[in-house]
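Visitor: First the structure, then my questions, so here it is.
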2 protein chains.
Amino acid sequence: MRSVFFISDQTGITTEKLGNALLAKFPEVEFRRETFPFIDTPAKMSQVMLRVYNRYLQDGEKPIVVSSVLNADLRKIIEVDYAHSLDFFQAFIPQLEEALGVQATQKINKLHGISDEEKYNHRIDAIHFSLENDDGVSSKNYHEADVIIVGVSRVGKTPTSIYLAVNYGIKAANYPFAELDLKTDHLPKSLVPFHQKLFGLSIEADRLHQIRSHRLPNSKYANITTCMDEINAAERIMNTCGIPFLNTSHKSIEEISVAIMQMVRLKRQY
Amino acid sequence: MRSVFFISDQTGITTEKLGNALLAKFPEVEFRRETFPFIDTPAKMSQVMLRVYNRYLQDGEKPIVVSSVLNADLRKIIEVDYAHSLDFFQAFIPQLEEALGVQATQKINKLHGISDEEKYNHRIDAIHFSLENDDGVSSKNYHEADVIIVGVSRVGKTPTSIYLAVNYGIKAANYPFAELDLKTDHLPKSLVPFHQKLFGLSIEADRLHQIRSHRLPNSKYANITTCMDEINAAERIMNTCGIPFLNTSHKSIEEISVAIMQMVRLKRQY
């Protein structure tokens with residue numbers, strides 16, 4: 001078991017992601033992780049480094065410190081001989097300065113702050129849009145949607161729509177194929193005018209059965225035959241109507257969202 | 001204007017975040033960014049590098065290539081003399097191997113994949129929970145919530161709840177203080193049993209006026225006096241009842257979410 005500290009002068013979100021991507025390359029090691037966001041003064045930094053030191057004494061091994069700190073005063077405090085320091089600004093900024101021929105700013109600038117009011121508002125609007133147009137509640141705002149995600153219940157439409165809004169500022173509506181919709185070969189009437197915006201999600205019957213069973217065990221809804229029938233009907237409609245779709249069985253929300261961005265050629269909206 | 005390529009064998013989400021954090025340190029340079037996710041074969045990589053080469057000819061300057069590629073075959077293709085290459089695995093993995101005393105795996109492992117079924121289901125549940133318990137629609141699931149966010153309309157409750165669910169697997173409900181609630185000094189009845197789970201958001205009147213005007217221009221709802229009165233009343237309730245709260249005026253969703261995680265001592269749930 002090795003101790004890892006993520007330290008950032010901002011939210012620490014990127015530092016954590018970077019650190020976790022690196023640690024994932026060592027699947028045989030167990031890690032104890034702690035994140036310290038908003039460490040933007042020497043006093044706060046000294047306090048965190050005291051914890052790192054105590055952990056070093058406790059573990060008998062040097063903790064790993066993953067950080068993104070460019071400020072020279074803070075850097076001095078973080079560079080100690082009782083920890084392994086990986087700082088991603090320090091690793092790349094000198095290279096970038098050379099490539100670009102300009103000096104990096106020493107200012108703490110907010111990566112996850114409200115830098116551009118208009119873009120930020122757009123993202124908040126997208127989140128509200130996705131919520132208000134979840135689960136096919138109404139089609140009256142479909143003209144405003146960037147994409148309308150279709151598929152059977154629990155195929156992943158809602159989490160994907162939300163993720164697209166939160167992370168890309170995409171206005172994503174979603175429409176669940178209901179029993180009646182699945183009895184036909186054509187698109188539900190309300191979707192026809194928006195054919196070009198539709199993107200489908202499909203899934204393997206086993207996986208859908210598993211997901212639905214988690215929600216409503218032993219129900220008709222979760223029954224493997226129900227799942228198979230619904231999936232077949234949905235894929236038939238999507239194939240007939242030429243709607244691109246993706247199998248989500250072994251894909252996370254992140255993977256589905258990035259794939260949709262790519263396939264529908266959507267541009268990040270903020 | 002400098003061209004930047006983000007290249008990843010996975011979703012590219014971390015690579016983009018890392019790259020953007022670095023580029024933000026050069027505010028005087030304009031960047032043209034392109035992301036290429038799922039580049040996991042030599043053929044795909046060669047295709048992307050051809051685009052990099054063409055861009056080099058067009059720009060007359062070397063593009064910046066930010067990548068996270070550990071596989072040796074792919075690395076060979078990416079290391080060219082017509083681009084500046086910043087690869088974050090290459091920068092840190094050797095250091096980590098030394099610190100940990102083990103070799104990194106060469107396998108492409110999925111950082112944003114479904115690695116742990118149970119944790120993944122938990123996150124999906126959290127997203128559905130936050131949606132179903134948005135905007136105070138019902139209090140019947142509050143016993144299940146990890147946190148219940150309170151505040152006046154458009155203070156940022158919904159985007160924050162959604163972000164906490166998507167990124168941390170936190171079950172976040174939210175309750176808007178309505179006109180009637182704001183006339184009293186005590187908590188709305190439905191919230192009383194869950195006092196310990198409450199976290200408040202507040203905001204400056206100017207900013208709220210701006211946000212509400214964006215939604216409903218020239219309405220009573222957006223009026224600066226309405227905003228001031230509502231905020232004062234909400235803060236009075238939160239102060240009287242000992243509910244911790246945060247001013248969101250100059251904070252992004254990310255900053256608010258990380259602050260809540262810290263203040264409420266919530267643990268990432270996935």
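Labeling convention for the structure tokens: chains A, B, ... as they appear, residues from 1 per chain, ligands from 1 in order of appearance.
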Please find the residues of chain B near chain A - the criterion being any atom within 7 Å, counting only C-alpha atoms - and write them as a ChimeraX atom specification.
Guide: /B:11,14,17-18,21-22,25-26,84,89,91,93,99,104-105,111-114,124,127,159,163,166,250-252,254-255,258
Visitor: Please identify which residues in segment 133-268 of chain A DSSP calls strand (DSSP E or B) from the backbone, and express them as a list in words.
Guide: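 After running DSSP on the backbone, segment 133-268 of chain A has strand (DSSP E or B) at Val147, Ile148, Ile149, Val150, Gly151, Ala172, Ala173, Asn174, Tyr175, Pro176, Leu198, Phe199, Gly200, Leu201, Ser202, Phe245, Leu246 and Asn247 of chain A.
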Visitor: With distances taken over only C-alpha atoms, which residue among B:Gln90, B:Asp40, B:Leu50, B:Tyr142 lies nearest Asp73 of chain B?
Guide: B:Asp40
Visitor: I need the alpha helix (DSSP H) residues of segment 61-135 of chain B per DSSP on the backbone, written as number ranges by chain.
Guide: B: 72-78, 88-100, 117-132
Visitor: Measuring atom to atom with only C-alpha atoms, identify which of B:Arg33, B:Lys183, B:Lys119, B:Arg268 is nearest to Ile231 of chain B.
Guide: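 Using only C-alpha atoms, the shortest distance to Ile231 of chain B belongs to B:Lys183.
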Visitor: Compile the contact shell of segment 222-230 of chain B as a VMD selection string: residues with an atom at most 12 Å away, counting only C-alpha atoms, same-chain residues fewer than 2 positions apart removed.
Guide: chain B and resid 151 to 155 176 to 184 202 to 220 232 to 237
